[in-house]
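Participant: What follows is entry_31.pdb, PDB, C-alpha atoms.
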ATOM      1  CA  ASP A   1       6.562  35.845   6.464
ATOM      2  CA  GLY A   2       5.630  32.323   5.562
ATOM      3  CA  GLY A   3       2.047  31.334   5.943
ATOM      4  CA  ILE A   4      -1.406  30.938   4.504
ATOM      5  CA  THR A   5      -3.370  33.874   3.188
ATOM      6  CA  GLN A   6      -7.121  33.769   2.837
ATOM      7  CA  SER A   7      -9.143  36.455   1.112
ATOM      8  CA  PRO A   8     -11.449  38.158   1.444
ATOM      9  CA  LYS A   9     -11.975  38.247   5.200
ATOM     10  CA  TYR A  10     -15.696  38.931   4.738
ATOM     11  CA  LEU A  11     -17.810  37.911   1.746
ATOM     12  CA  PHE A  12     -21.478  38.298   0.985
ATOM     13  CA  ARG A  13     -23.371  36.103  -1.411
ATOM     14  CA  LYS A  14     -26.628  36.845  -3.148
ATOM     15  CA  GLU A  15     -29.104  34.062  -3.790
ATOM     16  CA  GLY A  16     -28.213  32.055  -6.867
ATOM     17  CA  GLN A  17     -24.691  33.420  -6.990
ATOM     18  CA  ASN A  18     -21.429  31.494  -6.988
ATOM     19  CA  VAL A  19     -18.611  32.956  -4.925
ATOM     20  CA  THR A  20     -14.935  32.004  -4.747
ATOM     21  CA  LEU A  21     -12.767  32.078  -1.650
ATOM     22  CA  SER A  22      -9.056  32.434  -2.162
ATOM     23  CA  CYS A  23      -6.342  30.489  -0.336
ATOM     24  CA  GLU A  24      -2.631  30.923  -1.034
ATOM     25  CA  GLN A  25       0.322  29.393   0.834
ATOM     26  CA  ASN A  26       4.051  30.001   0.606
ATOM     27  CA  LEU A  27       5.075  27.174   2.921
ATOM     28  CA  ASN A  28       5.852  24.814   0.023
ATOM     29  CA  HIS A  29       3.349  22.353   1.476
ATOM     30  CA  ASP A  30       1.984  19.574  -0.691
ATOM     31  CA  ALA A  31      -1.404  19.196   0.999
ATOM     32  CA  MET A  32      -4.155  21.770   1.333
ATOM     33  CA  TYR A  33      -7.580  21.587   2.945
ATOM     34  CA  TRP A  34     -10.849  23.483   3.225
ATOM     35  CA  TYR A  35     -12.908  23.346   6.394
ATOM     36  CA  ARG A  36     -16.254  24.820   7.302
ATOM     37  CA  GLN A  37     -16.967  26.033  10.842
ATOM     38  CA  ASP A  38     -20.454  26.864  12.064
ATOM     39  CA  PRO A  39     -20.986  28.906  15.263
ATOM     40  CA  GLY A  40     -20.037  26.956  18.365
ATOM     41  CA  GLN A  41     -19.105  23.948  16.282
ATOM     42  CA  GLY A  42     -15.999  22.110  15.282
ATOM     43  CA  LEU A  43     -14.505  22.007  11.826
ATOM     44  CA  ARG A  44     -15.905  19.887   9.022
ATOM     45  CA  LEU A  45     -13.780  18.908   6.037
ATOM     46  CA  ILE A  46     -15.065  20.063   2.646
ATOM     47  CA  TYR A  47     -12.280  19.156   0.217
ATOM     48  CA  TYR A  48      -8.599  18.342   0.380
ATOM     49  CA  SER A  49      -5.743  18.049  -2.078
ATOM     50  CA  GLN A  50      -2.512  16.169  -1.617
ATOM     51  CA  ILE A  51      -0.935  17.094  -4.945
ATOM     52  CA  VAL A  52      -1.387  19.520  -7.802
ATOM     53  CA  ASN A  53      -4.248  18.684 -10.183
ATOM     54  CA  ASP A  54      -5.768  16.212  -7.740
ATOM     55  CA  PHE A  55      -8.298  16.629  -4.943
ATOM     56  CA  GLN A  56     -10.780  14.557  -2.954
ATOM     57  CA  LYS A  57     -14.140  15.198  -1.374
ATOM     58  CA  GLY A  58     -14.354  15.505   2.364
ATOM     59  CA  ASP A  59     -17.399  15.018   4.549
ATOM     60  CA  ILE A  60     -19.525  17.889   3.246
ATOM     61  CA  ALA A  61     -18.490  18.484  -0.385
ATOM     62  CA  GLU A  62     -21.975  18.958  -1.828
ATOM     63  CA  GLY A  63     -22.488  22.481  -3.127
ATOM     64  CA  TYR A  64     -18.762  23.241  -3.228
ATOM     65  CA  SER A  65     -16.040  22.921  -5.839
ATOM     66  CA  VAL A  66     -12.264  23.347  -5.796
ATOM     67  CA  SER A  67      -9.270  23.399  -8.108
ATOM     68  CA  ARG A  68      -5.550  22.852  -7.546
ATOM     69  CA  GLU A  69      -3.760  24.148 -10.620
ATOM     70  CA  LYS A  70      -0.791  25.443  -8.648
ATOM     71  CA  LYS A  71       0.884  24.085  -5.534
ATOM     72  CA  GLU A  72       0.455  27.422  -3.800
ATOM     73  CA  SER A  73      -3.242  27.926  -4.483
ATOM     74  CA  PHE A  74      -6.429  26.071  -3.550
ATOM     75  CA  PRO A  75      -9.516  28.214  -4.238
ATOM     76  CA  LEU A  76     -12.944  27.143  -3.020
ATOM     77  CA  THR A  77     -16.116  27.989  -4.926
ATOM     78  CA  VAL A  78     -19.371  28.012  -3.020
ATOM     79  CA  THR A  79     -22.006  27.317  -5.638
ATOM     80  CA  SER A  80     -25.674  28.202  -5.691
ATOM     81  CA  ALA A  81     -26.374  24.533  -4.918
ATOM     82  CA  GLN A  82     -25.120  25.130  -1.363
ATOM     83  CA  LYS A  83     -28.348  26.228   0.293
ATOM     84  CA  ASN A  84     -26.904  27.100   3.680
ATOM     85  CA  PRO A  85     -23.527  28.684   2.962
ATOM     86  CA  THR A  86     -23.311  31.053   5.911
ATOM     87  CA  ALA A  87     -20.272  29.919   7.880
ATOM     88  CA  PHE A  88     -16.634  30.606   8.663
ATOM     89  CA  TYR A  89     -14.369  28.964   6.082
ATOM     90  CA  LEU A  90     -10.850  27.934   6.981
ATOM     91  CA  CYS A  91      -8.075  26.903   4.639
ATOM     92  CA  ALA A  92      -5.183  24.834   5.939
ATOM     93  CA  SER A  93      -2.062  23.154   4.668
ATOM     94  CA  SER A  94       0.309  20.425   5.769
ATOM     95  CA  MET A  95       3.676  19.303   4.523
ATOM     96  CA  PHE A  96       2.733  16.025   2.899
ATOM     97  CA  GLY A  97      -0.829  15.042   3.804
ATOM     98  CA  GLY A  98      -0.273  11.360   3.297
ATOM     99  CA  PRO A  99      -1.647   8.559   5.394
ATOM    100  CA  MET A 100       0.131   7.873   8.655
ATOM    101  CA  GLU A 101       1.826  11.257   8.501
ATOM    102  CA  GLU A 102       1.988  12.869  11.919
ATOM    103  CA  GLU A 103       1.510  16.307  10.585
ATOM    104  CA  LYS A 104       0.176  19.451  12.062
ATOM    105  CA  LEU A 105      -2.045  21.735  10.078
ATOM    106  CA  PHE A 106      -1.286  25.380   9.422
ATOM    107  CA  PHE A 107      -4.405  27.523   9.105
ATOM    108  CA  GLY A 108      -5.262  30.776   7.413
ATOM    109  CA  SER A 109      -7.229  33.492   9.184
ATOM    110  CA  GLY A 110     -10.530  32.475   7.651
ATOM    111  CA  THR A 111     -13.280  33.964   5.503
ATOM    112  CA  GLN A 112     -16.700  34.731   6.952
ATOM    113  CA  LEU A 113     -19.326  34.123   4.270
ATOM    114  CA  SER A 114     -22.803  35.499   4.743
ATOM    115  CA  VAL A 115     -25.926  35.398   2.599
ATOM    116  CA  LEU A 116     -27.638  38.663   1.656
TER     117      LEU A 116
ATOM    118  CA  SER B   1     -20.127  12.683  12.864
ATOM    119  CA  GLN B   2     -17.430  14.217  14.982
ATOM    120  CA  GLN B   3     -14.782  11.861  16.326
ATOM    121  CA  GLY B   4     -13.727  13.996  19.231
ATOM    122  CA  GLU B   5     -16.011  15.402  21.876
ATOM    123  CA  GLU B   6     -14.668  18.038  24.230
ATOM    124  CA  ASP B   7     -15.815  18.562  27.770
ATOM    125  CA  PRO B   8     -16.713  21.025  29.168
ATOM    126  CA  GLN B   9     -18.136  23.105  26.317
ATOM    127  CA  ALA B  10     -17.292  26.272  28.223
ATOM    128  CA  LEU B  11     -14.954  27.039  31.111
ATOM    129  CA  SER B  12     -14.447  30.269  33.026
ATOM    130  CA  ILE B  13     -11.567  30.676  35.495
ATOM    131  CA  GLN B  14      -9.507  33.373  37.189
ATOM    132  CA  GLU B  15      -6.048  34.267  36.027
ATOM    133  CA  GLY B  16      -3.451  32.085  37.715
ATOM    134  CA  GLU B  17      -5.741  29.063  38.044
ATOM    135  CA  ASN B  18      -5.289  25.871  36.075
ATOM    136  CA  ALA B  19      -7.637  24.915  33.252
ATOM    137  CA  THR B  20      -8.397  21.341  32.286
ATOM    138  CA  MET B  21     -10.197  20.301  29.125
ATOM    139  CA  ASN B  22     -11.101  16.780  28.134
ATOM    140  CA  CYS B  23     -11.544  15.076  24.791
ATOM    141  CA  SER B  24     -13.124  11.706  24.085
ATOM    142  CA  TYR B  25     -13.027   9.858  20.801
ATOM    143  CA  LYS B  26     -14.636   6.777  19.343
ATOM    144  CA  THR B  27     -12.234   4.800  17.185
ATOM    145  CA  SER B  28      -8.574   3.866  17.412
ATOM    146  CA  ILE B  29      -6.104   6.587  16.563
ATOM    147  CA  ASN B  30      -2.474   7.036  15.583
ATOM    148  CA  ASN B  31      -2.179  10.417  17.216
ATOM    149  CA  LEU B  32      -4.206  13.173  18.815
ATOM    150  CA  GLN B  33      -3.592  16.885  18.403
ATOM    151  CA  TRP B  34      -4.740  19.989  20.269
ATOM    152  CA  TYR B  35      -5.367  23.318  18.568
ATOM    153  CA  ARG B  36      -6.238  26.766  19.815
ATOM    154  CA  GLN B  37      -8.491  29.304  18.087
ATOM    155  CA  ASN B  38      -8.804  32.945  19.024
ATOM    156  CA  SER B  39     -12.170  34.461  18.200
ATOM    157  CA  GLY B  40     -12.602  35.004  14.466
ATOM    158  CA  ARG B  41      -9.176  33.614  13.634
ATOM    159  CA  GLY B  42      -7.653  30.434  12.301
ATOM    160  CA  LEU B  43      -6.500  27.534  14.436
ATOM    161  CA  VAL B  44      -2.991  27.227  15.793
ATOM    162  CA  HIS B  45      -1.383  23.869  16.526
ATOM    163  CA  LEU B  46      -0.425  23.399  20.181
ATOM    164  CA  ILE B  47       0.761  19.839  20.683
ATOM    165  CA  LEU B  48       0.630  16.319  19.208
ATOM    166  CA  ILE B  49       0.637  13.131  21.255
ATOM    167  CA  ARG B  50       1.116   9.719  19.686
ATOM    168  CA  SER B  51      -0.955   6.697  20.570
ATOM    169  CA  ASN B  52       2.015   5.057  22.326
ATOM    170  CA  GLU B  53       2.618   8.105  24.536
ATOM    171  CA  ARG B  54       0.824   8.741  27.819
ATOM    172  CA  GLU B  55       1.886  12.288  28.629
ATOM    173  CA  LYS B  56       3.529  15.211  26.915
ATOM    174  CA  HIS B  57       4.549  18.680  28.041
ATOM    175  CA  SER B  58       5.099  21.935  26.197
ATOM    176  CA  GLY B  59       5.664  25.023  28.313
ATOM    177  CA  ARG B  60       2.542  25.511  30.449
ATOM    178  CA  LEU B  61       0.684  22.800  28.544
ATOM    179  CA  ARG B  62       0.370  19.223  29.681
ATOM    180  CA  VAL B  63      -1.446  16.646  27.576
ATOM    181  CA  THR B  64      -2.353  13.138  28.642
ATOM    182  CA  LEU B  65      -3.687  10.305  26.554
ATOM    183  CA  ASP B  66      -5.495   7.196  27.763
ATOM    184  CA  THR B  67      -6.109   4.931  24.784
ATOM    185  CA  SER B  68      -7.956   2.360  26.904
ATOM    186  CA  LYS B  69     -10.553   4.996  27.751
ATOM    187  CA  LYS B  70     -10.245   6.735  24.372
ATOM    188  CA  SER B  71      -9.730  10.068  26.066
ATOM    189  CA  SER B  72      -7.231  12.897  26.336
ATOM    190  CA  SER B  73      -6.908  15.924  28.565
ATOM    191  CA  LEU B  74      -5.241  19.288  28.080
ATOM    192  CA  LEU B  75      -4.061  21.105  31.184
ATOM    193  CA  ILE B  76      -3.033  24.747  31.038
ATOM    194  CA  THR B  77      -1.220  25.743  34.196
ATOM    195  CA  ALA B  78      -1.058  29.239  35.684
ATOM    196  CA  SER B  79      -3.519  30.566  33.130
ATOM    197  CA  ARG B  80      -3.325  34.082  31.729
ATOM    198  CA  ALA B  81      -5.953  36.346  30.226
ATOM    199  CA  ALA B  82      -4.220  35.796  26.873
ATOM    200  CA  ASP B  83      -5.132  32.099  27.086
ATOM    201  CA  THR B  84      -8.772  33.046  26.458
ATOM    202  CA  ALA B  85      -9.689  31.109  23.307
ATOM    203  CA  SER B  86     -11.396  27.964  22.060
ATOM    204  CA  TYR B  87      -9.467  24.728  22.247
ATOM    205  CA  PHE B  88     -10.048  21.797  19.911
ATOM    206  CA  CYS B  89      -8.823  18.246  19.906
ATOM    207  CA  ALA B  90      -8.312  16.528  16.576
ATOM    208  CA  THR B  91      -7.804  12.874  15.837
ATOM    209  CA  ASP B  92      -6.627  11.171  12.689
ATOM    210  CA  ARG B  93      -9.006   8.868  10.856
ATOM    211  CA  GLY B  94      -7.151   5.609  10.980
ATOM    212  CA  ASN B  95      -4.842   5.422   8.002
ATOM    213  CA  THR B  96      -6.187   8.371   6.046
ATOM    214  CA  GLY B  97      -4.131  11.022   7.774
ATOM    215  CA  LYS B  98      -7.133  13.340   7.743
ATOM    216  CA  LEU B  99      -8.077  14.993  11.016
ATOM    217  CA  ILE B 100     -11.479  14.997  12.678
ATOM    218  CA  PHE B 101     -12.092  17.928  14.993
ATOM    219  CA  GLY B 102     -14.217  18.028  18.091
ATOM    220  CA  GLN B 103     -16.629  20.846  18.886
ATOM    221  CA  GLY B 104     -14.186  22.604  21.162
ATOM    222  CA  THR B 105     -14.003  24.022  24.677
ATOM    223  CA  THR B 106     -14.317  27.781  25.048
ATOM    224  CA  LEU B 107     -12.025  29.015  27.792
ATOM    225  CA  GLN B 108     -12.388  32.414  29.400
ATOM    226  CA  VAL B 109      -9.631  33.554  31.740
ATOM    227  CA  LYS B 110     -10.646  36.558  33.822
ATOM    228  CA  PRO B 111      -7.921  38.999  34.824
TER     229      PRO B 111
END
Would you mind writing the file out in structure tokens?
Facilitator:
Amino acid sequence: DGGITQSPKYLFRKEGQNVTLSCEQNLNHDAMYWYRQDPGQGLRLIYYSQIVNDFQKGDIAEGYSVSREKKESFPLTVTSAQKNPTAFYLCASSMFGGPMEEEKLFFGSGTQLSVL
Amino acid sequence: SQQGEEDPQALSIQEGENATMNCSYKTSINNLQWYRQNSGRGLVHLILIRSNEREKHSGRLRVTLDTSKKSSSLLITASRAADTASYFCATDRGNTGKLIFGQGTTLQVKP
């Protein structure tokens, strides 16, 4: 099955701890994205990457970091600088991710991060 | 700030009825997309409508777009209990290709 796999499904973070959320895709998509969703809210863009070894900040990048060493993988680290990390995190991909592209996003099943 | 704003925030109907959700946005767009999210899951793309289109159909879904009013509507006809989910509109940010999502409409279809 082609798709996007996020792990773990549930993650707990202790104060002062960094945690990493995994996102892997086998769709051969160039672009990958991380979104944050708070209860009853829409999605807010954290980071996105249109090509390997390159990524850009979204609207709420502070307290987060990413890497894109492989086309298939786009892990998100929630650092201790993110003071309110409790949220549902969604990874997505699209074929090209360029401007003017009329592309739909394919989403993973999400990771629920909670603070202990 | 969010580009798209859905209305109503919540909608409860009986199976077989039609459900209409509305989305308003602030700036010019190239296209508008609708997504569905089941509770605790990722989003699934439903339909895309371009700025030069006024109406589009896909199965039981009908989407309209009025660029003069900066609004779109999603109509689900003959709803089913399985349609229970949250529905989000998403608009592109001018020439960036990045999507801005609204806050969503939560639809409950009672059997």
Participant: Residues within 9 Å of A:Tyr35, please, as a PyMOL selection string. Count all atoms listed in the file; anything in the same chain fewer than 6 positions from it doesn't count.
Facilitator: chain A and resi 43-48+58+88-92
Participant: If we count all atoms listed in the file, which residues of chain B reach to within 12 Å of chain A? Please list them as a ChimeraX atom specification.
Facilitator: /B:1-6,9-10,29-51,86-106
Participant: Could the residues in this selection be saved with C-alpha atoms as a PDB file, keeping the file's coordinate frame?
Facilitator:
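And here's again-v1.pdb as it stands now:
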ATOM      1  CA  SER B   1     -20.127  12.683  12.864  1.00  0.00           C
ATOM      2  CA  GLN B   2     -17.430  14.217  14.982  1.00  0.00           C
ATOM      3  CA  GLN B   3     -14.782  11.861  16.326  1.00  0.00           C
ATOM      4  CA  GLY B   4     -13.727  13.996  19.231  1.00  0.00           C
ATOM      5  CA  GLU B   5     -16.011  15.402  21.876  1.00  0.00           C
ATOM      6  CA  GLU B   6     -14.668  18.038  24.230  1.00  0.00           C
ATOM      7  CA  GLN B   9     -18.136  23.105  26.317  1.00  0.00           C
ATOM      8  CA  ALA B  10     -17.292  26.272  28.223  1.00  0.00           C
ATOM      9  CA  ILE B  29      -6.104   6.587  16.563  1.00  0.00           C
ATOM     10  CA  ASN B  30      -2.474   7.036  15.583  1.00  0.00           C
ATOM     11  CA  ASN B  31      -2.179  10.417  17.216  1.00  0.00           C
ATOM     12  CA  LEU B  32      -4.206  13.173  18.815  1.00  0.00           C
ATOM     13  CA  GLN B  33      -3.592  16.885  18.403  1.00  0.00           C
ATOM     14  CA  TRP B  34      -4.740  19.989  20.269  1.00  0.00           C
ATOM     15  CA  TYR B  35      -5.367  23.318  18.568  1.00  0.00           C
ATOM     16  CA  ARG B  36      -6.238  26.766  19.815  1.00  0.00           C
ATOM     17  CA  GLN B  37      -8.491  29.304  18.087  1.00  0.00           C
ATOM     18  CA  ASN B  38      -8.804  32.945  19.024  1.00  0.00           C
ATOM     19  CA  SER B  39     -12.170  34.461  18.200  1.00  0.00           C
ATOM     20  CA  GLY B  40     -12.602  35.004  14.466  1.00  0.00           C
ATOM     21  CA  ARG B  41      -9.176  33.614  13.634  1.00  0.00           C
ATOM     22  CA  GLY B  42      -7.653  30.434  12.301  1.00  0.00           C
ATOM     23  CA  LEU B  43      -6.500  27.534  14.436  1.00  0.00           C
ATOM     24  CA  VAL B  44      -2.991  27.227  15.793  1.00  0.00           C
ATOM     25  CA  HIS B  45      -1.383  23.869  16.526  1.00  0.00           C
ATOM     26  CA  LEU B  46      -0.425  23.399  20.181  1.00  0.00           C
ATOM     27  CA  ILE B  47       0.761  19.839  20.683  1.00  0.00           C
ATOM     28  CA  LEU B  48       0.630  16.319  19.208  1.00  0.00           C
ATOM     29  CA  ILE B  49       0.637  13.131  21.255  1.00  0.00           C
ATOM     30  CA  ARG B  50       1.116   9.719  19.686  1.00  0.00           C
ATOM     31  CA  SER B  51      -0.955   6.697  20.570  1.00  0.00           C
ATOM     32  CA  SER B  86     -11.396  27.964  22.060  1.00  0.00           C
ATOM     33  CA  TYR B  87      -9.467  24.728  22.247  1.00  0.00           C
ATOM     34  CA  PHE B  88     -10.048  21.797  19.911  1.00  0.00           C
ATOM     35  CA  CYS B  89      -8.823  18.246  19.906  1.00  0.00           C
ATOM     36  CA  ALA B  90      -8.312  16.528  16.576  1.00  0.00           C
ATOM     37  CA  THR B  91      -7.804  12.874  15.837  1.00  0.00           C
ATOM     38  CA  ASP B  92      -6.627  11.171  12.689  1.00  0.00           C
ATOM     39  CA  ARG B  93      -9.006   8.868  10.856  1.00  0.00           C
ATOM     40  CA  GLY B  94      -7.151   5.609  10.980  1.00  0.00           C
ATOM     41  CA  ASN B  95      -4.842   5.422   8.002  1.00  0.00           C
ATOM     42  CA  THR B  96      -6.187   8.371   6.046  1.00  0.00           C
ATOM     43  CA  GLY B  97      -4.131  11.022   7.774  1.00  0.00           C
ATOM     44  CA  LYS B  98      -7.133  13.340   7.743  1.00  0.00           C
ATOM     45  CA  LEU B  99      -8.077  14.993  11.016  1.00  0.00           C
ATOM     46  CA  ILE B 100     -11.479  14.997  12.678  1.00  0.00           C
ATOM     47  CA  PHE B 101     -12.092  17.928  14.993  1.00  0.00           C
ATOM     48  CA  GLY B 102     -14.217  18.028  18.091  1.00  0.00           C
ATOM     49  CA  GLN B 103     -16.629  20.846  18.886  1.00  0.00           C
ATOM     50  CA  GLY B 104     -14.186  22.604  21.162  1.00  0.00           C
ATOM     51  CA  THR B 105     -14.003  24.022  24.677  1.00  0.00           C
ATOM     52  CA  THR B 106     -14.317  27.781  25.048  1.00  0.00           C
TER      53      THR B 106
END
Participant: Using only C-alpha atoms, can you tell me which of A:Pro75, A:Gly63, A:Gly16, A:Pro85 comes closest to A:Ser49?
Facilitator: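 Smallest distance to A:Ser49 is found for A:Pro75.
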Participant: With distances taken over only C-alpha atoms, which of B:Asn52, B:Ser12, B:Ser24, B:Asn18 is nearest to B:Ile76?
Facilitator: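 Once distances to B:Ile76 are computed over only C-alpha atoms, the minimum belongs to B:Asn18.
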Participant: Could you write out as a PyMOL selection string the residues that the PyMOL selection byres ((chain A and resi 3-5) around 7) matches in the shown file?
Facilitator: chain A and resi 1-2+6-7+23-27+107-108
Participant: Evaluate the PyMOL selection byres ((chain A and resi 53) around 6) on the structure here and hand back the selected residues as a PDB file with C-alpha atoms, keeping the file's coordinate frame.
Facilitator:
ATOM      1  CA  VAL A  52      -1.387  19.520  -7.802  1.00  0.00           C
ATOM      2  CA  ASP A  54      -5.768  16.212  -7.740  1.00  0.00           C
ATOM      3  CA  ARG A  68      -5.550  22.852  -7.546  1.00  0.00           C
ATOM      4  CA  GLU A  69      -3.760  24.148 -10.620  1.00  0.00           C
TER       5      GLU A  69
END
Participant: With distances taken over only C-alpha atoms, which residue among B:Lys110, B:Leu61, B:Asn22, B:Glu53 lies nearest B:Ser73?
Facilitator: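 When distances to B:Ser73 are compared using only C-alpha atoms, the smallest one comes from B:Asn22.
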Participant: To verify the selection step, state as a PyMOL selection string which residues the PyMOL selection byres ((chain B and resi 15) around 7) yields on this input.
Facilitator: chain B and resi 13-14+16-17+79-81+109-111
Participant: Please indicate the distance in Å from atom CA of A:Ser93 to atom CA of A:Ala81, rounded to one decimal place.
Facilitator: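 So the answer is 26.2 Å.
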Participant: Between atom CA of A:Ser65 and atom CA of A:Asn18, what is the spacing in Å?
Facilitator: 10.2 Å
Participant: For atom CA of B:Met21 and atom CA of A:Met95, determine how far apart the two atoms are, in Å to one decimal place.
Facilitator: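 It comes out at 28.3 Å.
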Participant: Which is closer to A:Glu62 than all the others in A:Gln82, A:Met32, A:Phe74, A:Gln50, using all atoms listed in the file?
Facilitator: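 Between A:Gln82, A:Met32, A:Phe74, A:Gln50, the residue approaching A:Glu62 most closely is A:Gln82.
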Participant: Which residues come within 8 Å of B:Asp66, counting only C-alpha atoms, excluding same-chain residues fewer than 5 positions away, as a PDB file with C-alpha atoms, keeping the file's coordinate frame?
Facilitator:
ATOM      1  CA  ARG B  54       0.824   8.741  27.819  1.00  0.00           C
ATOM      2  CA  SER B  71      -9.730  10.068  26.066  1.00  0.00           C
ATOM      3  CA  SER B  72      -7.231  12.897  26.336  1.00  0.00           C
TER       4      SER B  72
END
Participant: Assuming 8 Å of padding per side, give the centre and edge lengths of the axis-aligned box around every listed atom of stretch 35-46 of chain A, in Å to one decimal and as JSON.
Facilitator:
{"center_x": -16.9, "center_y": 23.9, "center_z": 10.5, "size_x": 24.1, "size_y": 26.0, "size_z": 31.7}
Participant: List the residues sitting within 6 Å of (-10.0, 33.6, 24.9) in the file's frame, using all atoms listed in the file, as an mmCIF file with C-alpha atoms, in the frame of the given file.
Facilitator:
data_model
loop_
_atom_site.group_PDB
_atom_site.id
_atom_site.type_symbol
_atom_site.label_atom_id
_atom_site.label_comp_id
_atom_site.auth_asym_id
_atom_site.auth_seq_id
_atom_site.Cartn_x
_atom_site.Cartn_y
_atom_site.Cartn_z
ATOM 1 C CA ASP B 83 -5.132 32.099 27.086
ATOM 2 C CA THR B 84 -8.772 33.046 26.458
ATOM 3 C CA ALA B 85 -9.689 31.109 23.307
ATOM 4 C CA LEU B 107 -12.025 29.015 27.792
ATOM 5 C CA GLN B 108 -12.388 32.414 29.400
#
